[in-house]
file my_file_13.cif (mmCIF, C-alpha atoms)
data_final
loop_
_atom_site.group_PDB
_atom_site.id
_atom_site.type_symbol
_atom_site.label_atom_id
_atom_site.label_comp_id
_atom_site.auth_asym_id
_atom_site.auth_seq_id
_atom_site.Cartn_x
_atom_site.Cartn_y
_atom_site.Cartn_z
ATOM 1 C CA MET A 1 -25.391 5.933 -0.823
ATOM 2 C CA THR A 2 -22.316 3.710 -1.086
ATOM 3 C CA SER A 3 -19.275 5.067 0.670
ATOM 4 C CA VAL A 4 -15.960 4.999 -1.194
ATOM 5 C CA HIS A 5 -12.941 4.347 0.977
ATOM 6 C CA CYS A 6 -10.328 3.596 -1.717
ATOM 7 C CA TYR A 7 -9.190 5.537 -4.751
ATOM 8 C CA SER A 8 -6.665 4.409 -7.342
ATOM 9 C CA PHE A 9 -3.922 6.895 -8.127
ATOM 10 C CA GLN A 10 -5.733 7.510 -11.438
ATOM 11 C CA GLN A 11 -9.065 8.262 -9.721
ATOM 12 C CA GLY A 12 -8.075 10.274 -6.670
ATOM 13 C CA ASP A 13 -8.364 14.049 -6.570
ATOM 14 C CA GLY A 14 -4.799 15.266 -6.190
ATOM 15 C CA LYS A 15 -6.024 18.456 -4.523
ATOM 16 C CA ASN A 16 -8.056 16.704 -1.811
ATOM 17 C CA LYS A 17 -5.475 16.255 0.951
ATOM 18 C CA ALA A 18 -8.164 16.160 3.632
ATOM 19 C CA LEU A 19 -9.607 12.965 2.100
ATOM 20 C CA LEU A 20 -6.486 11.302 0.681
ATOM 21 C CA GLY A 21 -3.766 12.577 2.995
ATOM 22 C CA GLY A 22 -0.890 14.691 1.757
ATOM 23 C CA LYS A 23 1.204 11.835 0.330
ATOM 24 C CA GLY A 24 -1.810 10.069 -1.191
ATOM 25 C CA ALA A 25 -3.082 13.207 -2.899
ATOM 26 C CA ASN A 26 0.402 13.940 -4.233
ATOM 27 C CA LEU A 27 0.724 10.397 -5.660
ATOM 28 C CA CYS A 28 -2.642 10.824 -7.393
ATOM 29 C CA GLU A 29 -1.632 14.175 -8.814
ATOM 30 C CA MET A 30 1.772 12.930 -10.028
ATOM 31 C CA THR A 31 0.120 9.904 -11.671
ATOM 32 C CA GLN A 32 -2.429 12.083 -13.435
ATOM 33 C CA LEU A 33 0.340 14.402 -14.644
ATOM 34 C CA GLY A 34 1.945 11.413 -16.353
ATOM 35 C CA LEU A 35 4.929 10.989 -14.037
ATOM 36 C CA ASN A 36 6.296 7.462 -13.671
ATOM 37 C CA VAL A 37 4.541 6.352 -10.468
ATOM 38 C CA PRO A 38 3.952 2.630 -9.896
ATOM 39 C CA PRO A 39 0.233 1.706 -9.846
ATOM 40 C CA GLY A 40 -1.398 1.926 -6.452
ATOM 41 C CA PHE A 41 -4.272 3.222 -4.400
ATOM 42 C CA VAL A 42 -5.119 5.280 -1.341
ATOM 43 C CA ILE A 43 -7.360 4.351 1.567
ATOM 44 C CA THR A 44 -9.116 7.526 2.680
ATOM 45 C CA THR A 45 -8.659 9.376 5.923
ATOM 46 C CA GLU A 46 -12.430 8.931 6.379
ATOM 47 C CA ALA A 47 -11.905 5.154 6.601
ATOM 48 C CA CYS A 48 -9.379 5.732 9.375
ATOM 49 C CA LEU A 49 -11.632 8.128 11.250
ATOM 50 C CA ASP A 50 -14.550 5.707 10.884
ATOM 51 C CA TYR A 51 -12.418 2.922 12.354
ATOM 52 C CA LEU A 52 -11.207 5.085 15.236
ATOM 53 C CA GLU A 53 -14.787 6.081 16.065
ATOM 54 C CA ASN A 54 -16.431 2.659 15.741
ATOM 55 C CA LYS A 55 -13.515 0.279 16.493
ATOM 56 C CA VAL A 56 -14.488 -1.764 13.429
ATOM 57 C CA LEU A 57 -13.447 -1.449 9.786
ATOM 58 C CA PRO A 58 -15.958 0.286 7.503
ATOM 59 C CA GLU A 59 -18.299 -2.322 6.007
ATOM 60 C CA THR A 60 -17.122 -2.075 2.386
ATOM 61 C CA LEU A 61 -13.421 -1.411 3.028
ATOM 62 C CA LEU A 62 -12.038 -4.940 2.605
ATOM 63 C CA THR A 63 -14.027 -5.455 -0.605
ATOM 64 C CA GLU A 64 -12.718 -2.157 -1.961
ATOM 65 C CA ILE A 65 -9.127 -3.080 -1.037
ATOM 66 C CA ARG A 66 -9.493 -6.453 -2.792
ATOM 67 C CA GLN A 67 -10.811 -4.679 -5.910
ATOM 68 C CA GLN A 68 -7.896 -2.233 -5.867
ATOM 69 C CA ILE A 69 -5.386 -5.076 -5.443
ATOM 70 C CA GLU A 70 -6.966 -6.900 -8.416
ATOM 71 C CA GLN A 71 -6.731 -3.723 -10.505
ATOM 72 C CA THR A 72 -3.073 -3.296 -9.515
ATOM 73 C CA GLU A 73 -2.413 -6.942 -10.421
ATOM 74 C CA GLN A 74 -3.909 -6.341 -13.870
ATOM 75 C CA GLN A 75 -1.851 -3.186 -14.380
ATOM 76 C CA THR A 76 1.430 -4.809 -13.337
ATOM 77 C CA GLY A 77 0.995 -8.384 -14.539
ATOM 78 C CA LYS A 78 1.942 -9.517 -11.031
ATOM 79 C CA GLN A 79 -0.101 -11.354 -8.416
ATOM 80 C CA PHE A 80 -0.389 -10.535 -4.720
ATOM 81 C CA GLY A 81 0.688 -13.768 -3.023
ATOM 82 C CA GLY A 82 1.763 -15.203 -6.379
ATOM 83 C CA VAL A 83 4.874 -17.339 -6.354
ATOM 84 C CA ASP A 84 5.923 -16.811 -9.994
ATOM 85 C CA SER A 85 5.584 -13.040 -10.183
ATOM 86 C CA PRO A 86 4.777 -11.618 -6.756
ATOM 87 C CA LEU A 87 3.171 -8.204 -6.400
ATOM 88 C CA LEU A 88 4.836 -6.374 -3.531
ATOM 89 C CA VAL A 89 3.050 -3.467 -1.911
ATOM 90 C CA SER A 90 4.319 -0.590 0.213
ATOM 91 C CA VAL A 91 1.956 0.664 2.893
ATOM 92 C CA ARG A 92 2.324 4.167 4.302
ATOM 93 C CA SER A 93 0.308 6.004 6.852
ATOM 94 C CA GLY A 94 -0.552 9.588 6.161
ATOM 95 C CA SER A 95 -2.740 12.491 7.112
ATOM 96 C CA ALA A 96 -3.959 15.728 5.677
ATOM 97 C CA ILE A 97 -1.117 17.520 7.446
ATOM 98 C CA SER A 98 2.299 15.865 7.487
ATOM 99 C CA MET A 99 4.224 15.708 10.724
ATOM 100 C CA PRO A 100 7.985 15.063 10.628
ATOM 101 C CA GLY A 101 8.941 11.670 12.006
ATOM 102 C CA MET A 102 5.384 10.326 11.922
ATOM 103 C CA MET A 103 5.561 8.346 8.646
ATOM 104 C CA ASP A 104 5.014 4.667 9.313
ATOM 105 C CA THR A 105 5.908 2.528 6.314
ATOM 106 C CA ILE A 106 5.802 -1.192 5.666
ATOM 107 C CA LEU A 107 7.734 -2.177 2.554
ATOM 108 C CA ASN A 108 7.341 -5.362 0.505
ATOM 109 C CA LEU A 109 3.992 -6.502 1.872
ATOM 110 C CA GLY A 110 3.303 -9.698 -0.037
ATOM 111 C CA LEU A 111 6.671 -11.325 0.599
ATOM 112 C CA ASN A 112 6.610 -14.609 2.490
ATOM 113 C CA LYS A 113 8.486 -17.907 2.337
ATOM 114 C CA GLN A 114 6.624 -18.934 -0.827
ATOM 115 C CA THR A 115 6.819 -15.659 -2.766
ATOM 116 C CA LEU A 116 10.483 -15.178 -1.822
ATOM 117 C CA SER A 117 11.465 -17.967 -4.220
ATOM 118 C CA GLY A 118 9.529 -16.222 -6.990
ATOM 119 C CA LEU A 119 11.297 -12.931 -6.321
ATOM 120 C CA ILE A 120 14.680 -14.687 -6.436
ATOM 121 C CA GLU A 121 13.753 -16.309 -9.750
ATOM 122 C CA LEU A 122 12.329 -13.058 -11.145
ATOM 123 C CA THR A 123 15.344 -10.909 -10.232
ATOM 124 C CA GLY A 124 18.126 -13.498 -10.385
ATOM 125 C CA ASP A 125 19.461 -11.854 -7.235
ATOM 126 C CA PRO A 126 19.059 -13.874 -4.007
ATOM 127 C CA ARG A 127 20.811 -11.214 -1.917
ATOM 128 C CA PHE A 128 18.345 -8.539 -3.074
ATOM 129 C CA ALA A 129 15.371 -10.827 -2.420
ATOM 130 C CA TYR A 130 16.498 -11.806 1.074
ATOM 131 C CA ASP A 131 17.223 -8.160 1.920
ATOM 132 C CA ALA A 132 13.723 -7.196 0.739
ATOM 133 C CA TYR A 133 12.281 -9.962 2.921
ATOM 134 C CA ARG A 134 14.364 -8.810 5.900
ATOM 135 C CA ARG A 135 13.119 -5.265 5.444
ATOM 136 C CA PHE A 136 9.509 -6.467 5.304
ATOM 137 C CA ILE A 137 9.870 -8.505 8.506
ATOM 138 C CA GLN A 138 11.692 -5.687 10.288
ATOM 139 C CA LEU A 139 9.241 -2.948 9.291
ATOM 140 C CA PHE A 140 6.123 -5.059 9.853
ATOM 141 C CA GLY A 141 7.414 -5.997 13.295
ATOM 142 C CA LYS A 142 8.178 -2.394 14.178
ATOM 143 C CA VAL A 143 5.107 -0.688 12.694
ATOM 144 C CA ALA A 144 2.351 -3.284 13.090
ATOM 145 C CA LEU A 145 3.517 -5.248 16.128
ATOM 146 C CA ASP A 146 5.518 -2.575 17.994
ATOM 147 C CA ILE A 147 8.616 -4.802 18.159
ATOM 148 C CA ASP A 148 11.858 -2.928 18.794
ATOM 149 C CA ASP A 149 14.439 -2.834 15.969
#
call {"tool": "encode", "arguments": {"input": "my_file_13.cif", "output": "structure tokens"}}
result
Amino acid sequence: MTSVHCYSFQQGDGKNKALLGGKGANLCEMTQLGLNVPPGFVITTEACLDYLENKVLPETLLTEIRQQIEQTEQQTGKQFGGVDSPLLVSVRSGSAISMPGMMDTILNLGLNKQTLSGLIELTGDPRFAYDAYRRFIQLFGKVALDIDD
């Protein structure tokens, strides 16, 4: 049996907080209710638990993430890593039970020196684009690399 570690917001069971985390399940439910939620996907809590137990990513996880990114690109008309119309992704940690102060978020994943020029061109607002890039660098450093603010 093939394990599924990723669910698009359209596919995920909005009631299954144990599998999708509280925020992930809520995003799925809001999407399915027709609320204006940007396209996205959830990586399951099972994938996290599998990683914590085995110290290696689940075998199919990266393939599933790539498929979800491709689907999001198709839905948005943007491309992850694309210079002309970059797809920017927000990454949030979550669990079945939320704990105040425990939400790690990385905003604007997908911004880099090359895609920054595309965002400036797309928005016509260099200040906005550079601020988005600053926020990405700051949050990635803090959350992923444990660098102090």
call {"tool": "resolve_selection", "arguments": {"input": "my_file_13.cif", "expression": "the PyMOL selection byres ((chain A and resi 135) around 12)", "output": "list in words"}}
result
Ser90, Thr105, Ile106, Leu107, Asn108, Leu109, Leu111, Asn112, Phe128, Ala129, Tyr130, Asp131, Ala132, Tyr133, Arg134, Phe136, Ile137, Gln138, Leu139, Phe140, Gly141, Lys142, Val143 and Asp149 of chain A
call {"tool": "atom_distance", "arguments": {"input": "my_file_13.cif", "atom1": "atom CA of Ile65 of chain A", "atom2": "atom CA of Val4 of chain A"}}
result
10.6 Å
call {"tool": "resolve_selection", "arguments": {"input": "my_file_13.cif", "expression": "the PyMOL selection byres ((chain A and resi 8) around 6)", "output": "ChimeraX atom specification"}}
result
/A:7,9-11,40-41
call {"tool": "atom_distance", "arguments": {"input": "my_file_13.cif", "atom1": "atom CA of Gly77 of chain A", "atom2": "atom CA of Asp125 of chain A"}}
result
20.2 Å
call {"tool": "residues_around", "arguments": {"input": "my_file_13.cif", "residues": "Leu119 of chain A", "least_positions_apart": "4", "cutoff": "8 Å", "atoms": "all atoms listed in the file", "output": "MDAnalysis selection string"}}
result
chainID A and resid 83:86 115 123:124 129
call {"tool": "closest_residue", "arguments": {"input": "my_file_13.cif", "among": "A:Gln79, A:Asn54, A:Gln114, A:Val37", "to": "Arg66 of chain A", "atoms": "all atoms listed in the file"}}
result
A:Gln79
call {"tool": "axis_aligned_box", "arguments": {"input": "my_file_13.cif", "around": "segment 30-39 of chain A", "padding_each_side": "4 Å", "output": "AutoDock Vina command-line options"}}
result
--center_x 1.9 --center_y 8.1 --center_z -13.1 --size_x 16.7 --size_y 20.7 --size_z 14.5
call {"tool": "atom_distance", "arguments": {"input": "my_file_13.cif", "atom1": "atom CA of Thr63 of chain A", "atom2": "atom CA of Tyr51 of chain A"}}
result
15.5 Å
call {"tool": "residues_around", "arguments": {"input": "my_file_13.cif", "residues": "Ala96 of chain A", "least_positions_apart": "2", "cutoff": "6 Å", "atoms": "all atoms listed in the file", "output": "PyMOL selection string"}}
result
chain A and resi 17-18+21-22
call {"tool": "closest_residue", "arguments": {"input": "my_file_13.cif", "among": "A:Cys28, A:Leu122, A:Ala144, A:Cys6", "to": "Val42 of chain A", "atoms": "only C-alpha atoms"}}
result
A:Cys6
call {"tool": "residues_near_point", "arguments": {"input": "my_file_13.cif", "point": "(-4.6, 11.2, -6.6)", "cutoff": "6 Å", "atoms": "all atoms listed in the file", "output": "PyMOL selection string"}}
result
chain A and resi 9+12-14+25+27-29
call {"tool": "closest_residue", "arguments": {"input": "my_file_13.cif", "among": "A:Ile120, A:Leu35, A:Ile43, A:Ile147", "to": "Lys23 of chain A", "atoms": "all atoms listed in the file"}}
result
A:Ile43
